[in-house]
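J.: Sharing my_file-v8.cif here; it has mmCIF, C-alpha atoms.
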```cif
data_target
loop_
_atom_site.label_atom_id
_atom_site.label_comp_id
_atom_site.auth_asym_id
_atom_site.auth_seq_id
_atom_site.Cartn_x
_atom_site.Cartn_y
_atom_site.Cartn_z
CA MET J 1 14.98 -175.21 -21.85
CA ARG J 2 11.32 -174.17 -21.84
CA VAL J 3 8.00 -174.96 -23.49
CA LEU J 4 6.90 -172.87 -26.48
CA ILE J 5 3.21 -172.62 -27.44
CA ASN J 6 1.51 -170.63 -30.20
CA PRO J 7 1.61 -167.81 -31.00
CA TRP J 8 5.42 -167.75 -31.15
CA LYS J 9 6.05 -165.75 -34.32
CA THR J 10 7.21 -162.68 -32.37
CA GLU J 11 9.82 -164.72 -30.51
CA PHE J 12 10.90 -166.34 -33.77
CA LEU J 13 11.44 -162.96 -35.42
CA GLU J 14 13.37 -161.70 -32.38
CA LEU J 15 15.69 -164.70 -32.60
CA VAL J 16 16.10 -164.11 -36.33
CA SER J 17 16.98 -160.44 -35.83
CA SER J 18 19.55 -161.28 -33.14
CA SER J 19 21.29 -163.94 -35.24
CA LYS J 20 24.61 -162.76 -36.72
CA LYS J 21 25.78 -165.78 -38.72
CA SER J 22 23.06 -168.27 -39.63
CA ILE J 23 19.40 -169.21 -39.41
CA LYS J 24 18.89 -172.89 -40.21
CA ILE J 25 15.40 -174.31 -40.65
CA THR J 26 13.78 -177.62 -41.50
CA SER J 27 10.11 -177.28 -42.46
CA PRO J 28 8.07 -179.35 -44.96
CA PHE J 29 5.59 -176.53 -45.56
CA VAL J 30 6.65 -172.91 -46.11
CA LYS J 31 4.66 -169.74 -46.85
CA ASP J 32 5.89 -166.56 -48.47
CA ASN J 33 4.41 -164.09 -45.95
CA ILE J 34 6.41 -165.56 -43.06
CA CYS J 35 9.58 -165.74 -45.15
CA LYS J 36 9.20 -162.07 -46.10
CA GLU J 37 8.93 -161.06 -42.45
CA MET J 38 11.96 -163.18 -41.61
CA LEU J 39 14.05 -161.67 -44.41
CA THR J 40 12.97 -158.16 -43.44
CA VAL J 41 14.29 -158.42 -39.87
CA LYS J 42 17.35 -160.62 -40.37
CA ASN J 43 20.87 -159.23 -40.30
CA GLN J 44 22.60 -158.96 -43.66
CA SER J 45 25.45 -161.09 -42.30
CA ALA J 46 23.15 -163.99 -41.36
CA LYS J 47 22.59 -166.66 -44.03
CA VAL J 48 19.29 -168.51 -44.15
CA VAL J 49 19.52 -172.24 -44.89
CA LEU J 50 16.25 -174.09 -45.42
CA ILE J 51 15.63 -177.81 -45.81
CA THR J 52 12.11 -178.54 -46.98
CA SER J 53 10.24 -181.39 -48.68
CA PHE J 54 9.92 -180.26 -52.29
CA LYS J 55 7.21 -182.21 -54.10
CA MET J 56 5.28 -181.08 -57.14
CA MET J 57 1.86 -181.72 -55.60
CA SER J 58 2.74 -179.83 -52.40
CA VAL J 59 3.60 -176.81 -54.54
CA TYR J 60 0.45 -177.18 -56.63
CA ALA J 61 -1.78 -177.46 -53.55
CA GLY J 62 -0.20 -174.37 -52.01
CA ALA J 63 1.24 -176.11 -48.94
CA LEU J 64 4.74 -175.21 -50.12
CA ASP J 65 4.96 -171.67 -51.51
CA ILE J 66 7.35 -171.49 -54.45
CA ASN J 67 7.55 -167.69 -54.09
CA ALA J 68 8.98 -168.15 -50.61
CA LEU J 69 11.78 -170.34 -51.94
CA GLU J 70 12.54 -167.87 -54.73
CA ASN J 71 12.65 -165.04 -52.21
CA LEU J 72 15.10 -166.95 -50.02
CA LEU J 73 17.38 -167.66 -52.98
CA ASP J 74 17.19 -164.00 -54.06
CA HIS J 75 18.49 -163.06 -50.60
CA ASP J 76 21.53 -165.33 -50.91
CA GLY J 77 19.84 -168.14 -49.01
CA ILE J 78 20.29 -171.86 -49.51
CA VAL J 79 17.38 -174.22 -50.17
CA ARG J 80 17.58 -178.00 -50.07
CA SER J 81 14.95 -180.72 -50.38
CA TYR J 82 14.71 -183.91 -48.32
CA PRO J 83 11.54 -185.78 -49.45
CA LYS J 84 10.97 -187.66 -46.17
CA LEU J 85 11.28 -184.52 -44.05
CA HIS J 86 8.76 -184.17 -41.25
CA SER J 87 10.77 -182.28 -38.60
CA LYS J 88 10.43 -178.58 -37.80
CA ILE J 89 13.75 -177.32 -36.47
CA TYR J 90 14.86 -173.70 -36.09
CA LEU J 91 18.53 -173.03 -35.35
CA PHE J 92 19.96 -169.59 -34.61
CA ASP J 93 23.75 -169.12 -34.88
CA ASN J 94 24.10 -172.76 -33.77
CA GLU J 95 23.59 -171.43 -30.23
CA ARG J 96 19.83 -171.53 -29.73
CA ALA J 97 17.23 -173.89 -31.15
CA ILE J 98 13.50 -174.46 -31.32
CA ILE J 99 12.04 -177.90 -32.00
CA THR J 100 8.33 -177.66 -32.62
CA SER J 101 5.34 -179.08 -34.47
CA GLY J 102 4.92 -175.75 -36.28
CA ASN J 103 5.85 -175.25 -39.93
CA LEU J 104 7.27 -172.02 -41.35
CA THR J 105 3.72 -170.76 -41.98
CA SER J 106 1.20 -168.46 -40.29
CA GLY J 107 -0.68 -171.54 -39.13
CA GLY J 108 2.48 -173.04 -37.68
CA MET J 109 3.45 -169.88 -35.80
CA GLU J 110 0.19 -168.11 -35.01
CA ASN J 111 -3.12 -169.83 -35.74
CA ASN J 112 -2.78 -173.56 -34.98
CA PHE J 113 -2.19 -175.16 -31.61
CA GLU J 114 1.48 -176.06 -31.93
CA TYR J 115 3.82 -177.26 -29.23
CA GLY J 116 7.57 -176.90 -29.04
CA ILE J 117 10.66 -176.49 -26.92
CA TYR J 118 13.18 -173.64 -26.84
CA ILE J 119 16.71 -174.91 -26.17
CA SER J 120 19.88 -173.01 -25.30
CA ASP J 121 21.87 -175.88 -23.80
CA ARG J 122 25.17 -175.88 -25.70
CA GLU J 123 25.56 -179.67 -25.96
CA ILE J 124 21.98 -180.29 -27.13
CA VAL J 125 22.08 -177.46 -29.65
CA ASN J 126 25.40 -178.75 -30.97
CA ASN J 127 23.84 -182.19 -31.51
CA ILE J 128 20.90 -180.63 -33.35
CA SER J 129 23.31 -178.63 -35.51
CA ASN J 130 25.29 -181.78 -36.36
CA ASP J 131 22.08 -183.57 -37.37
CA PHE J 132 21.11 -180.62 -39.57
CA ASN J 133 24.50 -180.67 -41.28
CA PHE J 134 24.25 -184.45 -41.78
CA LEU J 135 20.87 -183.97 -43.47
CA MET J 136 22.34 -181.30 -45.74
CA LYS J 137 24.92 -183.81 -46.99
CA ASN J 138 22.54 -186.78 -47.27
CA GLU J 139 22.49 -188.47 -50.68
CA SER J 140 18.70 -188.11 -50.75
CA THR J 141 18.88 -184.35 -50.30
CA GLY J 142 18.44 -182.34 -53.48
CA ILE J 143 19.58 -178.83 -54.41
CA ILE J 144 16.86 -176.30 -55.22
CA THR J 145 17.88 -173.50 -57.63
CA LYS J 146 16.08 -170.61 -59.32
CA ARG J 147 16.34 -172.42 -62.65
CA LYS J 148 14.64 -175.51 -61.25
CA LEU J 149 11.91 -173.41 -59.67
CA GLU J 150 11.22 -171.81 -63.06
CA GLU J 151 10.80 -175.29 -64.56
CA VAL J 152 8.46 -176.27 -61.76
CA LYS J 153 6.34 -173.14 -62.32
CA ARG J 154 6.05 -174.09 -65.98
CA ILE J 155 4.88 -177.59 -65.07
CA ILE J 156 2.39 -176.21 -62.53
CA LYS J 157 1.03 -173.81 -65.14
CA ASN J 158 0.44 -176.67 -67.57
CA LEU J 159 -1.14 -178.80 -64.84
CA ARG J 160 -3.57 -176.00 -64.03
CA LYS J 161 -4.47 -175.63 -67.70
CA SER J 162 -5.25 -179.34 -67.83
CA GLY J 163 -7.69 -179.06 -64.91
CA VAL J 164 -5.85 -181.31 -62.43
CA GLN J 165 -7.85 -181.68 -59.22
CA ASN J 166 -6.55 -180.19 -55.99
CA GLN J 167 -6.13 -183.26 -53.77
CA LEU J 168 -5.75 -181.13 -50.65
CA ILE J 169 -9.54 -181.02 -50.30
CA ASP J 170 -9.97 -184.71 -49.57
CA SER J 171 -6.57 -185.41 -48.03
CA PHE J 172 -7.99 -185.58 -44.50
CA ASP J 173 -10.02 -188.66 -45.39
CA LYS J 174 -6.84 -190.59 -46.06
CA GLU J 175 -4.93 -192.74 -43.59
CA ASN J 176 -1.74 -190.75 -44.27
CA PRO J 177 -2.95 -187.20 -45.00
CA GLU J 178 0.48 -185.72 -45.76
CA GLU J 179 1.07 -188.37 -48.42
CA ALA J 180 -1.98 -186.99 -50.23
CA LEU J 181 0.27 -184.10 -51.21
CA ASP J 182 2.83 -186.46 -52.73
CA ILE J 183 1.15 -187.82 -55.82
CA ILE J 184 -0.02 -186.02 -58.95
CA ASP J 185 -3.13 -187.94 -59.99
CA ASN J 186 -3.60 -186.65 -63.50
CA SER J 187 -2.62 -187.16 -67.11
CA ILE J 188 1.14 -186.93 -67.52
CA GLU J 189 0.78 -184.97 -70.75
CA PRO J 190 1.14 -181.56 -69.04
CA ILE J 191 4.37 -182.76 -67.44
CA LYS J 192 5.74 -184.12 -70.71
CA LYS J 193 4.84 -180.85 -72.40
CA SER J 194 6.90 -178.98 -69.79
CA LEU J 195 10.06 -181.08 -70.14
CA SER J 196 12.58 -181.30 -72.95
CA GLY J 197 15.79 -183.07 -73.96
CA TRP J 198 17.21 -185.69 -71.66
CA LYS J 199 14.75 -184.92 -68.87
CA LEU J 200 11.83 -185.64 -71.17
CA GLU J 201 13.29 -188.84 -72.59
CA VAL J 202 14.14 -190.26 -69.15
CA PHE J 203 10.70 -189.24 -67.87
CA LYS J 204 9.05 -191.08 -70.77
CA CYS J 205 11.12 -194.18 -69.97
CA LEU J 206 10.07 -193.97 -66.32
CA ASN J 207 6.46 -193.86 -67.37
CA LEU J 208 6.91 -197.17 -69.19
CA ILE J 209 7.88 -198.82 -65.90
CA PRO J 210 4.58 -200.24 -64.54
CA LYS J 211 5.57 -200.02 -60.86
CA ASP J 212 5.34 -196.88 -58.72
CA ARG J 213 8.62 -197.84 -57.09
CA PHE J 214 11.53 -198.67 -59.32
CA SER J 215 15.23 -199.36 -59.13
CA LEU J 216 18.20 -198.03 -61.02
CA ASN J 217 18.33 -201.40 -62.79
CA ASP J 218 14.75 -200.89 -64.01
CA ILE J 219 15.55 -197.60 -65.70
CA ASN J 220 18.94 -198.78 -66.98
CA LYS J 221 17.07 -201.29 -69.13
CA PHE J 222 16.26 -198.39 -71.42
CA GLU J 223 19.95 -197.72 -72.06
CA ASN J 224 19.79 -198.95 -75.66
CA ASP J 225 16.68 -196.89 -76.41
CA LEU J 226 18.36 -193.75 -75.11
CA GLN J 227 21.53 -194.62 -76.99
CA THR J 228 19.51 -194.64 -80.20
CA ILE J 229 18.22 -191.14 -79.44
CA TYR J 230 21.66 -189.86 -78.38
CA PRO J 231 24.14 -191.96 -80.43
CA SER J 232 27.13 -189.73 -79.68
CA ASN J 233 26.79 -190.06 -75.91
CA LYS J 234 29.12 -192.74 -74.51
CA HIS J 235 27.98 -192.46 -70.89
CA ILE J 236 24.28 -193.22 -71.00
CA LYS J 237 24.01 -194.71 -67.49
CA ASP J 238 25.76 -191.71 -65.95
CA LYS J 239 23.40 -189.42 -67.84
CA ILE J 240 20.40 -191.39 -66.57
CA ARG J 241 21.53 -190.95 -62.96
CA GLN J 242 22.05 -187.26 -63.55
CA GLN J 243 18.55 -186.84 -64.94
CA LEU J 244 17.04 -188.84 -62.07
CA GLN J 245 18.65 -186.38 -59.67
CA TYR J 246 17.22 -183.49 -61.65
CA LEU J 247 13.73 -184.99 -61.73
CA ARG J 248 14.02 -185.58 -57.98
CA ASP J 249 14.87 -181.90 -57.46
CA LEU J 250 11.82 -180.93 -59.53
CA GLY J 251 9.65 -182.91 -57.11
CA LEU J 252 8.68 -185.55 -59.66
CA ILE J 253 10.44 -188.55 -58.13
CA GLU J 254 11.62 -189.46 -54.65
CA PHE J 255 14.95 -191.13 -53.93
CA LEU J 256 14.40 -193.94 -51.42
CA GLY J 257 18.06 -194.90 -51.07
CA SER J 258 20.12 -197.89 -52.19
CA GLY J 259 19.33 -197.26 -55.87
CA LYS J 260 15.56 -197.24 -55.36
CA TYR J 261 13.09 -194.51 -56.33
CA ARG J 262 9.37 -193.67 -56.20
CA LYS J 263 7.36 -191.95 -58.91
CA LEU J 264 5.30 -189.02 -57.63
CA TRP J 265 2.61 -189.32 -60.29
CA LYS J 266 0.01 -191.89 -61.30
#
```
Render the structure in this file as structure tokens.
T.:
Amino acid sequence: MRVLINPWKTEFLELVSSSKKSIKITSPFVKDNICKEMLTVKNQSAKVVLITSFKMMSVYAGALDINALENLLDHDGIVRSYPKLHSKIYLFDNERAIITSGNLTSGGMENNFEYGIYISDREIVNNISNDFNFLMKNESTGIITKRKLEEVKRIIKNLRKSGVQNQLIDSFDKENPEEALDIIDNSIEPIKKSLSGWKLEVFKCLNLIPKDRFSLNDINKFENDLQTIYPSNKHIKDKIRQQLQYLRDLGLIEFLGSGKYRKLWK
């Protein structure tokens, strides 16, 4: 075990290139240039698994690069989203690990003052690997696919056309700066314009709930309204849950657990 201080990108890429089976990463913020370097040096046999915090405003503000996620998926990688993620963990073949303050970005690996620990102790690394696998299976963890990323790009495009303000500029004046990248503070019309079918109808119902945080019971109250729109569907509540999961994966809502959710727009 030893201390790791920036810059550590070279060591990261060396660990990537020596990994034969897997490279597992948790990082809320991800940039495409670092991902490209990682994918260039990695072995073809090694699968990249990334858990990030996928939220619409983080993508819009540029803190989370959607091109990086697409690139990972194009290279047979796996991308998951855990909204409350704050950890930065790098696991190589489940044999070596880095726990650090640095994101998968140039700032996190080269420019900022970041502090971390390199670990090769078998027992500790095994515990880290088990925690990573537990997070992968968590009920709050969403699956990010190319199709969902295309939908997100469409929403972002419509948000830009509407002139939504980039909240990243004033986020440092807030008590919880990272939460400034959570909420889309803008008209919901660009979002509605980007959605269709069930996703749109459930989104419209969510917008009628006055609270930012809501429960499954709150949204289920719209069961009869949705039944009117889709009279042939006999499983409205199941369909609602399905669409909530999809909206979560698009970064529009956050699952808080125990049937509770948070809207990521005002």
J.: Counting all atoms listed in the file, what is within 8 Å of range 195-205 of chain J, bar same-chain residues fewer than 3 positions away, as a PyMOL selection string?
T.: chain J and resi 191-192+208-209+219+222+226+240+243-244+246-247
J.: Taking 3 positions as the minimum chain separation for residues in the same chain, which residues sit within 7 Å of Gly142 in chain J when counting only C-alpha atoms? Answer as a count of residues only.
T.: 4
J.: Excluding same-chain residues fewer than 6 positions from Ile143 in chain J, what lies within 12 Å of it counting all atoms listed in the file, as a PyMOL selection string?
T.: chain J and resi 49-54+69+73+77-83+136-137+149+245-251
J.: Distance CA of Met38 in chain J-CA of Thr145 in chain J, one decimal place?
T.: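 It comes out at 20.0 Å.
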J.: Fewer than 5 positions away in the same chain doesn't count, so skip those; otherwise give me all residues within 7 Å of Gly102 in chain J, counting all atoms listed in the file, as a list in words.
T.: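 Listed by chain and then number, they are Lys88, Gly108, Met109 and Glu114 of chain J.
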J.: Identify all residues satisfying the PyMOL selection byres ((chain J and resi 23) around 6) in the given file; provide them as a list in words.
T.: Ser22, Lys24, Val48, Leu91 and Phe92 of chain J
J.: Only C-alpha atoms, please: the residues just picked out, written as a PDB file, in the coordinates of the input.
T.:
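To be explicit, this is the file written out as selection_34.pdb:
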```pdb
ATOM      1  CA  SER J  22      23.060-168.270 -39.630  1.00  0.00           C
ATOM      2  CA  LYS J  24      18.890-172.890 -40.210  1.00  0.00           C
ATOM      3  CA  VAL J  48      19.290-168.510 -44.150  1.00  0.00           C
ATOM      4  CA  LEU J  91      18.530-173.030 -35.350  1.00  0.00           C
ATOM      5  CA  PHE J  92      19.960-169.590 -34.610  1.00  0.00           C
TER       6      PHE J  92
END
```
J.: Find the residue from J:Lys9, J:Arg262, J:Lys21, J:Lys55 that sits nearest to Ser215 in chain J; use all atoms listed in the file when measuring.
T.: J:Arg262
J.: Box for range 194-200 of chain J - axis-aligned, 3 Å on each of the six sides, all listed atoms - centre and size in Å to one decimal, as JSON.
T.:
```
{"center_x": 12.1, "center_y": -182.3, "center_z": -71.4, "size_x": 16.3, "size_y": 12.7, "size_z": 11.1}
```
J.: Could you tell me, as a list in words, exactly which residues end up selected when the PyMOL selection byres ((chain J and resi 132) around 9) is applied to this structure?
T.: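 Applied to this file, the PyMOL selection byres ((chain J and resi 132) around 9) selects Lys24, Ile25, Thr26, Ile51, Ile89, Asn127, Ile128, Ser129, Asn130, Asp131, Asn133, Phe134, Leu135, Met136 and Lys137 of chain J.
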J.: Take the selection from the previous step and output its residues with C-alpha atoms, as a JSON list (two decimals), in the coordinates of the input.
T.:
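Output contents, as saved in result.json:
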```json
[["chain", "number", "residue", "atom", "x", "y", "z"],
["J", 24, "LYS", "CA", 18.89, -172.89, -40.21],
["J", 25, "ILE", "CA", 15.40, -174.31, -40.65],
["J", 26, "THR", "CA", 13.78, -177.62, -41.50],
["J", 51, "ILE", "CA", 15.63, -177.81, -45.81],
["J", 89, "ILE", "CA", 13.75, -177.32, -36.47],
["J", 127, "ASN", "CA", 23.84, -182.19, -31.51],
["J", 128, "ILE", "CA", 20.90, -180.63, -33.35],
["J", 129, "SER", "CA", 23.31, -178.63, -35.51],
["J", 130, "ASN", "CA", 25.29, -181.78, -36.36],
["J", 131, "ASP", "CA", 22.08, -183.57, -37.37],
["J", 133, "ASN", "CA", 24.50, -180.67, -41.28],
["J", 134, "PHE", "CA", 24.25, -184.45, -41.78],
["J", 135, "LEU", "CA", 20.87, -183.97, -43.47],
["J", 136, "MET", "CA", 22.34, -181.30, -45.74],
["J", 137, "LYS", "CA", 24.92, -183.81, -46.99]]
```
J.: To one decimal place in Å, what is the distance between CA of Ile34 in chain J and CA of Leu104 in chain J?
T.: 6.7 Å
J.: What would range 69-80 of chain J look like with all heavy atoms in place, written as a short mmCIF file (atom, residue, chain, number, x, y, z; two decimals), keeping the file's coordinate frame?
T.:
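Final output, saved to result_18.cif:
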```
data_model
loop_
_atom_site.label_atom_id
_atom_site.label_comp_id
_atom_site.auth_asym_id
_atom_site.auth_seq_id
_atom_site.Cartn_x
_atom_site.Cartn_y
_atom_site.Cartn_z
N LEU J 69 10.47 -169.76 -51.62
CA LEU J 69 11.78 -170.34 -51.94
C LEU J 69 12.57 -169.42 -52.86
O LEU J 69 13.78 -169.22 -52.69
CB LEU J 69 11.61 -171.72 -52.58
CG LEU J 69 10.76 -172.73 -51.80
CD1 LEU J 69 10.82 -174.10 -52.47
CD2 LEU J 69 11.20 -172.83 -50.35
N GLU J 70 11.89 -168.82 -53.84
CA GLU J 70 12.54 -167.87 -54.73
C GLU J 70 13.07 -166.66 -53.95
O GLU J 70 14.18 -166.18 -54.19
CB GLU J 70 11.57 -167.40 -55.81
CG GLU J 70 11.28 -168.44 -56.87
CD GLU J 70 10.38 -167.90 -57.97
OE1 GLU J 70 9.37 -167.26 -57.66
OE2 GLU J 70 10.71 -168.13 -59.16
N ASN J 71 12.26 -166.20 -53.02
CA ASN J 71 12.65 -165.04 -52.21
C ASN J 71 13.89 -165.35 -51.37
O ASN J 71 14.81 -164.52 -51.25
CB ASN J 71 11.49 -164.64 -51.30
CG ASN J 71 11.54 -163.18 -50.90
OD1 ASN J 71 12.37 -162.41 -51.38
ND2 ASN J 71 10.65 -162.79 -49.99
N LEU J 72 13.93 -166.54 -50.80
CA LEU J 72 15.10 -166.95 -50.02
C LEU J 72 16.36 -166.99 -50.89
O LEU J 72 17.42 -166.50 -50.50
CB LEU J 72 14.86 -168.32 -49.39
CG LEU J 72 13.90 -168.38 -48.20
CD1 LEU J 72 13.65 -169.83 -47.79
CD2 LEU J 72 14.46 -167.60 -47.02
N LEU J 73 16.23 -167.58 -52.07
CA LEU J 73 17.38 -167.66 -52.98
C LEU J 73 17.82 -166.28 -53.43
O LEU J 73 19.02 -166.01 -53.59
CB LEU J 73 17.03 -168.55 -54.17
CG LEU J 73 16.83 -170.03 -53.86
CD1 LEU J 73 16.29 -170.76 -55.08
CD2 LEU J 73 18.13 -170.68 -53.39
N ASP J 74 16.86 -165.37 -53.65
CA ASP J 74 17.19 -164.00 -54.06
C ASP J 74 17.95 -163.25 -52.98
O ASP J 74 18.66 -162.28 -53.27
CB ASP J 74 15.91 -163.23 -54.42
CG ASP J 74 15.34 -163.65 -55.76
OD1 ASP J 74 16.09 -164.20 -56.59
OD2 ASP J 74 14.13 -163.42 -55.99
N HIS J 75 17.79 -163.69 -51.73
CA HIS J 75 18.49 -163.06 -50.60
C HIS J 75 19.70 -163.89 -50.17
O HIS J 75 20.07 -163.90 -49.00
CB HIS J 75 17.53 -162.87 -49.43
CG HIS J 75 16.55 -161.74 -49.62
ND1 HIS J 75 15.43 -161.85 -50.42
CD2 HIS J 75 16.56 -160.46 -49.14
CE1 HIS J 75 14.77 -160.70 -50.40
NE2 HIS J 75 15.44 -159.85 -49.66
N ASP J 76 20.29 -164.57 -51.15
CA ASP J 76 21.53 -165.33 -50.91
C ASP J 76 21.33 -166.49 -49.94
O ASP J 76 22.27 -166.93 -49.28
CB ASP J 76 22.63 -164.40 -50.40
CG ASP J 76 24.03 -165.01 -50.57
OD1 ASP J 76 24.23 -165.75 -51.55
OD2 ASP J 76 24.91 -164.76 -49.71
N GLY J 77 20.09 -166.99 -49.85
CA GLY J 77 19.84 -168.14 -49.01
C GLY J 77 20.14 -169.44 -49.72
O GLY J 77 20.44 -169.47 -50.91
N ILE J 78 20.06 -170.52 -48.98
CA ILE J 78 20.29 -171.86 -49.51
C ILE J 78 19.03 -172.68 -49.27
O ILE J 78 18.48 -172.67 -48.16
CB ILE J 78 21.49 -172.54 -48.82
CG1 ILE J 78 22.79 -171.77 -49.14
CG2 ILE J 78 21.62 -174.00 -49.24
CD1 ILE J 78 24.00 -172.27 -48.35
N VAL J 79 18.57 -173.39 -50.30
CA VAL J 79 17.38 -174.22 -50.17
C VAL J 79 17.71 -175.64 -50.61
O VAL J 79 18.26 -175.85 -51.70
CB VAL J 79 16.20 -173.68 -51.02
CG1 VAL J 79 14.97 -174.57 -50.84
CG2 VAL J 79 15.88 -172.24 -50.63
N ARG J 80 17.38 -176.59 -49.77
CA ARG J 80 17.58 -178.00 -50.07
C ARG J 80 16.26 -178.75 -49.89
O ARG J 80 15.35 -178.27 -49.23
CB ARG J 80 18.64 -178.61 -49.14
CG ARG J 80 20.04 -178.00 -49.29
CD ARG J 80 20.67 -178.44 -50.59
NE ARG J 80 22.04 -177.97 -50.72
CZ ARG J 80 22.42 -176.85 -51.31
NH1 ARG J 80 21.48 -176.07 -51.83
NH2 ARG J 80 23.69 -176.51 -51.38
#
```
